>>> print(open('structure19.tsv').read())   # TSV, N, CA and C atoms
chain	number	residue	atom	x	y	z
A	14	MET	N	6.88	0.63	-17.72
A	14	MET	CA	6.77	1.03	-16.34
A	14	MET	C	8.16	1.20	-15.77
A	15	ASN	N	8.38	2.26	-14.99
A	15	ASN	CA	9.68	2.51	-14.41
A	15	ASN	C	9.69	2.22	-12.91
A	16	PHE	N	9.00	1.17	-12.49
A	16	PHE	CA	8.94	0.79	-11.09
A	16	PHE	C	10.32	0.58	-10.50
A	17	PHE	N	11.16	-0.24	-11.14
A	17	PHE	CA	12.47	-0.53	-10.57
A	17	PHE	C	13.39	0.67	-10.61
A	18	LYS	N	13.27	1.50	-11.63
A	18	LYS	CA	14.06	2.73	-11.67
A	18	LYS	C	13.73	3.59	-10.45
A	19	GLY	N	12.45	3.72	-10.18
A	19	GLY	CA	12.03	4.51	-9.02
A	19	GLY	C	12.43	3.86	-7.72
A	20	LEU	N	12.32	2.54	-7.64
A	20	LEU	CA	12.65	1.82	-6.42
A	20	LEU	C	14.09	2.04	-6.03
A	21	PHE	N	14.98	1.98	-7.01
A	21	PHE	CA	16.39	2.13	-6.70
A	21	PHE	C	16.90	3.55	-6.87
A	22	GLY	N	16.10	4.42	-7.50
A	22	GLY	CA	16.57	5.76	-7.81
A	22	GLY	C	16.13	6.84	-6.85
A	23	LYS	N	15.12	6.59	-6.01
A	23	LYS	CA	14.62	7.60	-5.09
A	23	LYS	C	14.40	6.99	-3.72
A	24	GLU	N	14.79	7.71	-2.69
A	24	GLU	CA	14.55	7.25	-1.34
A	24	GLU	C	13.12	7.60	-0.93
A	25	ASN	N	12.43	6.64	-0.32
A	25	ASN	CA	11.08	6.79	0.23
A	25	ASN	C	9.97	6.98	-0.79
A	26	ASN	N	10.22	6.95	-2.05
A	26	ASN	CA	9.16	7.02	-3.05
A	26	ASN	C	9.50	6.08	-4.19
A	27	ILE	N	8.49	5.44	-4.71
A	27	ILE	CA	8.67	4.59	-5.88
A	27	ILE	C	7.92	5.29	-7.01
A	28	GLU	N	8.64	5.75	-8.00
A	28	GLU	CA	7.99	6.41	-9.12
A	28	GLU	C	7.38	5.38	-10.04
A	29	THR	N	6.17	5.63	-10.43
A	29	THR	CA	5.52	4.81	-11.43
A	29	THR	C	5.09	5.73	-12.55
A	30	GLU	N	4.60	5.17	-13.63
A	30	GLU	CA	4.12	6.01	-14.73
A	30	GLU	C	2.93	6.84	-14.30
A	31	GLU	N	2.12	6.32	-13.36
A	31	GLU	CA	0.89	6.99	-12.97
A	31	GLU	C	1.04	7.87	-11.73
A	32	GLY	N	2.09	7.73	-10.96
A	32	GLY	CA	2.17	8.52	-9.75
A	32	GLY	C	3.28	8.06	-8.83
A	33	ILE	N	3.12	8.37	-7.56
A	33	ILE	CA	4.15	8.09	-6.57
A	33	ILE	C	3.61	7.14	-5.51
A	34	TRP	N	4.37	6.08	-5.23
A	34	TRP	CA	4.13	5.20	-4.10
A	34	TRP	C	5.10	5.66	-3.01
A	35	LYS	N	4.62	5.82	-1.82
A	35	LYS	CA	5.50	6.10	-0.69
A	35	LYS	C	5.84	4.77	-0.04
A	36	THR	N	7.10	4.57	0.27
A	36	THR	CA	7.49	3.30	0.86
A	36	THR	C	7.18	3.28	2.35
A	37	LEU	N	6.83	2.11	2.82
A	37	LEU	CA	6.58	1.86	4.23
A	37	LEU	C	7.59	0.80	4.66
A	38	ASP	N	8.43	1.14	5.65
A	38	ASP	CA	9.48	0.20	6.01
A	38	ASP	C	9.81	0.13	7.50
A	39	SER	N	8.93	0.67	8.34
A	39	SER	CA	9.19	0.56	9.78
A	39	SER	C	7.88	0.62	10.56
A	40	GLU	N	7.90	0.05	11.75
A	40	GLU	CA	6.73	0.10	12.61
A	40	GLU	C	6.43	1.52	13.08
A	41	GLU	N	7.47	2.31	13.28
A	41	GLU	CA	7.27	3.71	13.67
A	41	GLU	C	6.56	4.48	12.56
A	42	GLN	N	6.98	4.23	11.34
A	42	GLN	CA	6.33	4.89	10.20
A	42	GLN	C	4.88	4.44	10.09
A	43	LEU	N	4.61	3.16	10.32
A	43	LEU	CA	3.24	2.65	10.28
A	43	LEU	C	2.37	3.40	11.28
A	44	LYS	N	2.86	3.58	12.48
A	44	LYS	CA	2.09	4.31	13.50
A	44	LYS	C	1.83	5.74	13.05
A	45	ALA	N	2.81	6.38	12.41
A	45	ALA	CA	2.63	7.74	11.89
A	45	ALA	C	1.59	7.77	10.77
A	46	ILE	N	1.60	6.74	9.93
A	46	ILE	CA	0.64	6.65	8.82
A	46	ILE	C	-0.78	6.49	9.37
A	47	ILE	N	-0.92	5.66	10.39
A	47	ILE	CA	-2.24	5.48	10.99
A	47	ILE	C	-2.72	6.80	11.59
A	48	LYS	N	-1.83	7.52	12.23
A	48	LYS	CA	-2.17	8.85	12.78
A	48	LYS	C	-2.54	9.80	11.64
A	49	GLN	N	-1.81	9.75	10.55
A	49	GLN	CA	-2.08	10.59	9.37
A	49	GLN	C	-3.47	10.33	8.82
A	50	SER	N	-3.96	9.09	8.99
A	50	SER	CA	-5.27	8.74	8.42
A	50	SER	C	-6.43	9.52	9.05
A	51	PHE	N	-6.18	10.22	10.15
A	51	PHE	CA	-7.20	11.09	10.72
A	51	PHE	C	-7.33	12.39	9.91
A	52	GLU	N	-6.29	12.71	9.13
A	52	GLU	CA	-6.30	13.90	8.27
A	52	GLU	C	-6.87	13.58	6.88
A	53	LYS	N	-6.42	12.44	6.33
A	53	LYS	CA	-6.92	11.94	5.05
A	53	LYS	C	-6.65	10.45	4.97
A	54	PRO	N	-7.44	9.74	4.20
A	54	PRO	CA	-7.24	8.29	4.11
A	54	PRO	C	-5.87	7.94	3.53
A	55	VAL	N	-5.39	6.77	3.91
A	55	VAL	CA	-4.15	6.23	3.37
A	55	VAL	C	-4.41	4.80	2.91
A	56	ALA	N	-3.79	4.42	1.82
A	56	ALA	CA	-3.89	3.05	1.32
A	56	ALA	C	-2.53	2.40	1.47
A	57	ILE	N	-2.53	1.17	1.94
A	57	ILE	CA	-1.30	0.40	2.11
A	57	ILE	C	-1.41	-0.83	1.20
A	58	PHE	N	-0.45	-0.95	0.29
A	58	PHE	CA	-0.39	-2.12	-0.58
A	58	PHE	C	0.72	-3.02	-0.08
A	59	LYS	N	0.36	-4.22	0.35
A	59	LYS	CA	1.33	-5.20	0.84
A	59	LYS	C	1.70	-6.10	-0.33
A	60	HIS	N	2.98	-6.07	-0.68
A	60	HIS	CA	3.46	-6.74	-1.88
A	60	HIS	C	4.50	-7.80	-1.54
A	61	SER	N	4.30	-9.00	-2.08
A	61	SER	CA	5.31	-10.05	-1.97
A	61	SER	C	6.12	-10.05	-3.26
A	62	THR	N	7.38	-9.73	-3.14
A	62	THR	CA	8.25	-9.67	-4.32
A	62	THR	C	8.54	-11.05	-4.89
A	63	ARG	N	8.09	-12.09	-4.23
A	63	ARG	CA	8.30	-13.47	-4.70
A	63	ARG	C	7.06	-14.06	-5.35
A	64	CYS	N	6.00	-13.28	-5.50
A	64	CYS	CA	4.72	-13.82	-5.93
A	64	CYS	C	4.25	-13.16	-7.22
A	65	SER	N	3.98	-13.96	-8.23
A	65	SER	CA	3.53	-13.41	-9.51
A	65	SER	C	2.14	-12.79	-9.41
A	66	ILE	N	1.28	-13.33	-8.56
A	66	ILE	CA	-0.06	-12.74	-8.38
A	66	ILE	C	0.08	-11.35	-7.76
A	67	SER	N	0.99	-11.21	-6.82
A	67	SER	CA	1.24	-9.91	-6.20
A	67	SER	C	1.75	-8.91	-7.23
A	68	THR	N	2.65	-9.36	-8.09
A	68	THR	CA	3.18	-8.49	-9.15
A	68	THR	C	2.07	-8.06	-10.10
A	69	MET	N	1.18	-8.98	-10.45
A	69	MET	CA	0.06	-8.63	-11.32
A	69	MET	C	-0.86	-7.61	-10.66
A	70	ALA	N	-1.13	-7.78	-9.36
A	70	ALA	CA	-1.99	-6.83	-8.64
A	70	ALA	C	-1.33	-5.46	-8.58
A	71	MET	N	-0.02	-5.44	-8.34
A	71	MET	CA	0.68	-4.16	-8.29
A	71	MET	C	0.67	-3.48	-9.66
A	72	ASN	N	0.89	-4.25	-10.71
A	72	ASN	CA	0.83	-3.68	-12.06
A	72	ASN	C	-0.55	-3.12	-12.37
A	73	ARG	N	-1.59	-3.81	-11.92
A	73	ARG	CA	-2.95	-3.32	-12.14
A	73	ARG	C	-3.15	-1.97	-11.45
A	74	ILE	N	-2.65	-1.84	-10.22
A	74	ILE	CA	-2.75	-0.55	-9.51
A	74	ILE	C	-1.90	0.49	-10.22
A	75	ASP	N	-0.69	0.14	-10.64
A	75	ASP	CA	0.18	1.07	-11.38
A	75	ASP	C	-0.54	1.66	-12.59
A	76	ARG	N	-1.23	0.81	-13.33
A	76	ARG	CA	-1.89	1.26	-14.56
A	76	ARG	C	-3.15	2.06	-14.32
A	77	SER	N	-3.83	1.83	-13.20
A	77	SER	CA	-5.16	2.42	-13.03
A	77	SER	C	-5.27	3.48	-11.94
A	78	TRP	N	-4.27	3.59	-11.08
A	78	TRP	CA	-4.39	4.51	-9.93
A	78	TRP	C	-4.52	5.94	-10.43
A	79	ASP	N	-5.66	6.53	-10.16
A	79	ASP	CA	-5.91	7.92	-10.56
A	79	ASP	C	-6.51	8.73	-9.41
A	80	ILE	N	-6.32	8.25	-8.19
A	80	ILE	CA	-6.80	8.97	-7.02
A	80	ILE	C	-5.73	9.99	-6.65
A	81	PRO	N	-6.07	11.27	-6.65
A	81	PRO	CA	-5.06	12.31	-6.36
A	81	PRO	C	-4.44	12.14	-4.96
A	82	GLN	N	-3.18	12.54	-4.86
A	82	GLN	CA	-2.47	12.43	-3.58
A	82	GLN	C	-3.09	13.31	-2.50
A	83	ASP	N	-3.81	14.35	-2.88
A	83	ASP	CA	-4.45	15.16	-1.84
A	83	ASP	C	-5.72	14.48	-1.31
A	84	VAL	N	-6.11	13.36	-1.92
A	84	VAL	CA	-7.27	12.60	-1.46
A	84	VAL	C	-6.84	11.36	-0.68
A	85	VAL	N	-5.85	10.62	-1.20
A	85	VAL	CA	-5.35	9.40	-0.58
A	85	VAL	C	-3.86	9.29	-0.82
A	86	ASP	N	-3.10	9.00	0.23
A	86	ASP	CA	-1.68	8.66	0.07
A	86	ASP	C	-1.59	7.15	-0.12
A	87	LEU	N	-0.74	6.73	-1.04
A	87	LEU	CA	-0.58	5.32	-1.37
A	87	LEU	C	0.80	4.84	-0.90
A	88	TYR	N	0.80	3.88	0.00
A	88	TYR	CA	2.03	3.33	0.54
A	88	TYR	C	2.27	1.92	0.03
A	89	TYR	N	3.54	1.58	-0.12
A	89	TYR	CA	4.00	0.29	-0.62
A	89	TYR	C	4.82	-0.39	0.46
A	90	LEU	N	4.46	-1.61	0.81
A	90	LEU	CA	5.23	-2.39	1.77
A	90	LEU	C	5.75	-3.65	1.10
A	91	ASP	N	7.07	-3.80	1.06
A	91	ASP	CA	7.70	-5.04	0.62
A	91	ASP	C	7.65	-5.97	1.82
A	92	LEU	N	6.66	-6.86	1.85
A	92	LEU	CA	6.47	-7.66	3.05
A	92	LEU	C	7.50	-8.76	3.21
A	93	ILE	N	8.26	-9.06	2.19
A	93	ILE	CA	9.36	-10.02	2.35
A	93	ILE	C	10.48	-9.37	3.16
A	94	ALA	N	10.81	-8.15	2.80
A	94	ALA	CA	11.88	-7.43	3.49
A	94	ALA	C	11.46	-6.91	4.86
A	95	TYR	N	10.17	-6.61	5.02
A	95	TYR	CA	9.68	-5.98	6.25
A	95	TYR	C	8.51	-6.74	6.84
A	96	ARG	N	8.69	-8.04	7.02
A	96	ARG	CA	7.61	-8.88	7.54
A	96	ARG	C	7.11	-8.43	8.91
A	97	PRO	N	7.99	-7.97	9.83
A	97	PRO	CA	7.47	-7.48	11.12
A	97	PRO	C	6.50	-6.31	10.96
A	98	VAL	N	6.70	-5.47	9.96
A	98	VAL	CA	5.79	-4.36	9.71
A	98	VAL	C	4.45	-4.90	9.23
A	99	SER	N	4.49	-5.90	8.37
A	99	SER	CA	3.26	-6.53	7.90
A	99	SER	C	2.49	-7.15	9.07
A	100	ASN	N	3.20	-7.81	9.96
A	100	ASN	CA	2.56	-8.38	11.14
A	100	ASN	C	1.93	-7.31	12.02
A	101	LYS	N	2.61	-6.18	12.15
A	101	LYS	CA	2.10	-5.07	12.97
A	101	LYS	C	0.84	-4.47	12.33
A	102	ILE	N	0.80	-4.41	10.99
A	102	ILE	CA	-0.40	-3.94	10.30
A	102	ILE	C	-1.59	-4.81	10.69
A	103	ALA	N	-1.40	-6.12	10.63
A	103	ALA	CA	-2.48	-7.06	10.98
A	103	ALA	C	-2.93	-6.83	12.42
A	104	GLN	N	-1.99	-6.62	13.31
A	104	GLN	CA	-2.30	-6.43	14.72
A	104	GLN	C	-3.02	-5.10	14.96
A	105	LEU	N	-2.44	-4.00	14.50
A	105	LEU	CA	-2.99	-2.68	14.79
A	105	LEU	C	-4.31	-2.40	14.08
A	106	LEU	N	-4.43	-2.90	12.85
A	106	LEU	CA	-5.64	-2.61	12.07
A	106	LEU	C	-6.66	-3.74	12.13
A	107	GLU	N	-6.31	-4.81	12.84
A	107	GLU	CA	-7.20	-5.96	13.01
A	107	GLU	C	-7.69	-6.51	11.66
A	108	VAL	N	-6.72	-6.68	10.76
A	108	VAL	CA	-6.98	-7.22	9.43
A	108	VAL	C	-6.07	-8.43	9.24
A	109	GLN	N	-6.67	-9.56	8.94
A	109	GLN	CA	-5.88	-10.76	8.73
A	109	GLN	C	-4.89	-10.56	7.59
A	110	HIS	N	-3.66	-11.01	7.78
A	110	HIS	CA	-2.62	-10.88	6.76
A	110	HIS	C	-2.96	-11.69	5.53
A	111	GLU	N	-2.83	-11.05	4.37
A	111	GLU	CA	-2.90	-11.73	3.09
A	111	GLU	C	-1.86	-11.07	2.19
A	112	SER	N	-1.55	-11.74	1.11
A	112	SER	CA	-0.57	-11.19	0.17
A	112	SER	C	-0.89	-11.67	-1.23
A	113	PRO	N	-1.01	-10.72	-2.15
A	113	PRO	CA	-0.99	-9.27	-1.97
A	113	PRO	C	-2.27	-8.80	-1.28
A	114	GLN	N	-2.20	-7.58	-0.77
A	114	GLN	CA	-3.33	-7.03	-0.04
A	114	GLN	C	-3.29	-5.51	-0.12
A	115	ILE	N	-4.47	-4.90	-0.21
A	115	ILE	CA	-4.56	-3.45	-0.10
A	115	ILE	C	-5.52	-3.14	1.03
A	116	ILE	N	-5.12	-2.17	1.84
A	116	ILE	CA	-5.90	-1.79	3.02
A	116	ILE	C	-6.08	-0.28	2.97
A	117	LEU	N	-7.32	0.19	3.09
A	117	LEU	CA	-7.60	1.61	3.16
A	117	LEU	C	-7.87	1.97	4.61
A	118	VAL	N	-7.12	2.94	5.12
A	118	VAL	CA	-7.20	3.32	6.53
A	118	VAL	C	-7.73	4.75	6.62
A	119	LYS	N	-8.76	4.92	7.46
A	119	LYS	CA	-9.34	6.25	7.69
A	119	LYS	C	-9.67	6.34	9.18
A	120	ASP	N	-9.31	7.47	9.76
A	120	ASP	CA	-9.56	7.69	11.19
A	120	ASP	C	-9.01	6.55	12.06
A	121	GLY	N	-7.84	6.05	11.66
A	121	GLY	CA	-7.15	5.05	12.45
A	121	GLY	C	-7.66	3.63	12.31
A	122	LYS	N	-8.64	3.41	11.41
A	122	LYS	CA	-9.22	2.09	11.26
A	122	LYS	C	-9.18	1.63	9.81
A	123	ALA	N	-9.09	0.33	9.61
A	123	ALA	CA	-9.19	-0.23	8.27
A	123	ALA	C	-10.65	-0.20	7.86
A	124	ILE	N	-10.96	0.62	6.84
A	124	ILE	CA	-12.36	0.71	6.40
A	124	ILE	C	-12.62	-0.13	5.16
A	125	TYR	N	-11.55	-0.61	4.54
A	125	TYR	CA	-11.67	-1.46	3.36
A	125	TYR	C	-10.38	-2.25	3.22
A	126	HIS	N	-10.51	-3.51	2.88
A	126	HIS	CA	-9.33	-4.31	2.55
A	126	HIS	C	-9.76	-5.44	1.64
A	127	THR	N	-8.86	-5.81	0.78
A	127	THR	CA	-9.08	-6.94	-0.11
A	127	THR	C	-7.74	-7.49	-0.55
A	128	SER	N	-7.78	-8.61	-1.24
A	128	SER	CA	-6.52	-9.23	-1.63
A	128	SER	C	-6.62	-9.89	-2.99
A	129	HIS	N	-5.46	-10.32	-3.45
A	129	HIS	CA	-5.30	-11.08	-4.69
A	129	HIS	C	-5.96	-10.39	-5.89
A	130	SER	N	-6.75	-11.11	-6.63
A	130	SER	CA	-7.32	-10.56	-7.88
A	130	SER	C	-8.42	-9.55	-7.64
A	131	ASP	N	-8.87	-9.39	-6.40
A	131	ASP	CA	-9.90	-8.38	-6.10
A	131	ASP	C	-9.31	-6.99	-5.89
A	132	ILE	N	-8.00	-6.87	-5.87
A	132	ILE	CA	-7.35	-5.57	-5.66
A	132	ILE	C	-7.58	-4.70	-6.89
A	133	SER	N	-8.15	-3.50	-6.67
A	133	SER	CA	-8.36	-2.58	-7.79
A	133	SER	C	-8.48	-1.16	-7.26
A	134	THR	N	-8.17	-0.22	-8.13
A	134	THR	CA	-8.35	1.19	-7.81
A	134	THR	C	-9.82	1.47	-7.58
A	135	GLU	N	-10.68	0.90	-8.40
A	135	GLU	CA	-12.13	1.13	-8.27
A	135	GLU	C	-12.64	0.68	-6.90
A	136	GLY	N	-12.10	-0.41	-6.39
A	136	GLY	CA	-12.49	-0.88	-5.06
A	136	GLY	C	-12.17	0.14	-3.98
A	137	VAL	N	-10.98	0.72	-4.08
A	137	VAL	CA	-10.58	1.75	-3.11
A	137	VAL	C	-11.46	2.98	-3.26
A	138	LYS	N	-11.73	3.37	-4.49
A	138	LYS	CA	-12.55	4.57	-4.74
A	138	LYS	C	-13.93	4.47	-4.10
A	139	GLY	N	-14.45	3.26	-4.01
A	139	GLY	CA	-15.76	3.06	-3.41
A	139	GLY	C	-15.82	3.44	-1.93
A	140	TYR	N	-14.67	3.61	-1.30
A	140	TYR	CA	-14.62	3.92	0.13
A	140	TYR	C	-14.00	5.27	0.44
A	141	VAL	N	-13.59	5.99	-0.58
A	141	VAL	CA	-12.95	7.29	-0.34
A	141	VAL	C	-14.01	8.38	-0.32
>>> encode(input="structure19.tsv", output="structure tokens")
Amino acid sequence: MNFFKGLFGKENNIETEEGIWKTLDSEEQLKAIIKQSFEKPVAIFKHSTRCSISTMAMNRIDRSWDIPQDVVDLYYLDLIAYRPVSNKIAQLLEVQHESPQIILVKDGKAIYHTSHSDISTEGVKGYV
């Protein structure tokens, strides 16, 4: 997996073997993403870089994500570096903070969210 190569090698995108993660790193960007969800769903993966369970969940998504970008945009939030953004997600989408966590947003609302070992591509697909 070339996660770290992508993280340090490209601005605003994290290249993985399976596709592209768009980085989320500001409250303004979060508001734009929520607005974008009226056009097509967006998934936000909240990742703790200090947690092995979070790393396992991210690796699982890396290996299995096969939802085309024209169907769902996938965003990555480093919640250690951008904790205020994580807090704003909880506030705006009315979803209790967990880590790791994936949230699917459509029409400005969280229509699906789960955390820890329940995070999977198949779970997201069930709501797209």
>>> select_by_dssp(input="structure19.tsv", residues="chain A", states="strand (DSSP E)", output="ChimeraX atom specification")
/A:26-28,33-36,55-60,86-91,114-119,122-128
>>> closest_residue(input="structure19.tsv", among="A:Leu90, A:Met71, A:Leu37, A:Ala123", to="Pro54 in chain A", atoms="only C-alpha atoms")
A:Ala123
>>> residues_around(input="structure19.tsv", residues="Gln114 in chain A", least_positions_apart="6", cutoff="9 Å", atoms="only C-alpha atoms", output="PyMOL selection string")
chain A and resi 57-60+67+70+126-129+132
>>> residues_around(input="structure19.tsv", residues="range 102-105 of chain A", least_positions_apart="2", cutoff="8 Å", atoms="only N, CA and C atoms", output="list in words")
Glu40, Leu43, Arg96, Pro97, Val98, Ser99, Asn100, Glu107, Val108, Gln109, His110, Glu111, Gly121, Lys122 and Ala123 of chain A
>>> atom_distance(input="structure19.tsv", atom1="atom N of Thr134 in chain A", atom2="atom N of Glu52 in chain A")
21.6 Å
>>> atom_distance(input="structure19.tsv", atom1="CA of Tyr95 in chain A", atom2="CA of Thr68 in chain A")
16.9 Å
>>> select_by_dssp(input="structure19.tsv", residues="range 88-136 of chain A", states="alpha helix (DSSP H)", output="PDB file with N, CA and C atoms, keeping the file's coordinate frame")
ATOM      1  N   ARG A  96       8.690  -8.040   7.020  1.00  0.00           N
ATOM      2  CA  ARG A  96       7.610  -8.880   7.540  1.00  0.00           C
ATOM      3  C   ARG A  96       7.110  -8.430   8.910  1.00  0.00           C
ATOM      4  N   PRO A  97       7.990  -7.970   9.830  1.00  0.00           N
ATOM      5  CA  PRO A  97       7.470  -7.480  11.120  1.00  0.00           C
ATOM      6  C   PRO A  97       6.500  -6.310  10.960  1.00  0.00           C
ATOM      7  N   VAL A  98       6.700  -5.470   9.960  1.00  0.00           N
ATOM      8  CA  VAL A  98       5.790  -4.360   9.710  1.00  0.00           C
ATOM      9  C   VAL A  98       4.450  -4.900   9.230  1.00  0.00           C
ATOM     10  N   SER A  99       4.490  -5.900   8.370  1.00  0.00           N
ATOM     11  CA  SER A  99       3.260  -6.530   7.900  1.00  0.00           C
ATOM     12  C   SER A  99       2.490  -7.150   9.070  1.00  0.00           C
ATOM     13  N   ASN A 100       3.200  -7.810   9.960  1.00  0.00           N
ATOM     14  CA  ASN A 100       2.560  -8.380  11.140  1.00  0.00           C
ATOM     15  C   ASN A 100       1.930  -7.310  12.020  1.00  0.00           C
ATOM     16  N   LYS A 101       2.610  -6.180  12.150  1.00  0.00           N
ATOM     17  CA  LYS A 101       2.100  -5.070  12.970  1.00  0.00           C
ATOM     18  C   LYS A 101       0.840  -4.470  12.330  1.00  0.00           C
ATOM     19  N   ILE A 102       0.800  -4.410  10.990  1.00  0.00           N
ATOM     20  CA  ILE A 102      -0.400  -3.940  10.300  1.00  0.00           C
ATOM     21  C   ILE A 102      -1.590  -4.810  10.690  1.00  0.00           C
ATOM     22  N   ALA A 103      -1.400  -6.120  10.630  1.00  0.00           N
ATOM     23  CA  ALA A 103      -2.480  -7.060  10.980  1.00  0.00           C
ATOM     24  C   ALA A 103      -2.930  -6.830  12.420  1.00  0.00           C
ATOM     25  N   GLN A 104      -1.990  -6.620  13.310  1.00  0.00           N
ATOM     26  CA  GLN A 104      -2.300  -6.430  14.720  1.00  0.00           C
ATOM     27  C   GLN A 104      -3.020  -5.100  14.960  1.00  0.00           C
ATOM     28  N   LEU A 105      -2.440  -4.000  14.500  1.00  0.00           N
ATOM     29  CA  LEU A 105      -2.990  -2.680  14.790  1.00  0.00           C
ATOM     30  C   LEU A 105      -4.310  -2.400  14.080  1.00  0.00           C
ATOM     31  N   LEU A 106      -4.430  -2.900  12.850  1.00  0.00           N
ATOM     32  CA  LEU A 106      -5.640  -2.610  12.070  1.00  0.00           C
ATOM     33  C   LEU A 106      -6.660  -3.740  12.130  1.00  0.00           C
ATOM     34  N   THR A 134      -8.170  -0.220  -8.130  1.00  0.00           N
ATOM     35  CA  THR A 134      -8.350   1.190  -7.810  1.00  0.00           C
ATOM     36  C   THR A 134      -9.820   1.470  -7.580  1.00  0.00           C
ATOM     37  N   GLU A 135     -10.680   0.900  -8.400  1.00  0.00           N
ATOM     38  CA  GLU A 135     -12.130   1.130  -8.270  1.00  0.00           C
ATOM     39  C   GLU A 135     -12.640   0.680  -6.900  1.00  0.00           C
ATOM     40  N   GLY A 136     -12.100  -0.410  -6.390  1.00  0.00           N
ATOM     41  CA  GLY A 136     -12.490  -0.880  -5.060  1.00  0.00           C
ATOM     42  C   GLY A 136     -12.170   0.140  -3.980  1.00  0.00           C
TER      43      GLY A 136
END
>>> atom_distance(input="structure19.tsv", atom1="atom C of Asp38 in chain A", atom2="atom C of Gly139 in chain A")
27.5 Å
>>> residues_near_point(input="structure19.tsv", point="(-8.6, 11.4, 11.0)", cutoff="6.5 Å", atoms="all atoms listed in the file", output="number ranges by chain")
A: 48-53, 119-121
>>> residues_near_point(input="structure19.tsv", point="(-6.7, 0.3, -4.5)", cutoff="8 Å", atoms="all atoms listed in the file", output="list in words")
Ala56, Ile57, Phe58, Ile74, Trp78, Ile115, Ile116, Leu117, Asp131, Ile132, Ser133, Thr134, Glu135, Gly136, Val137 and Lys138 of chain A
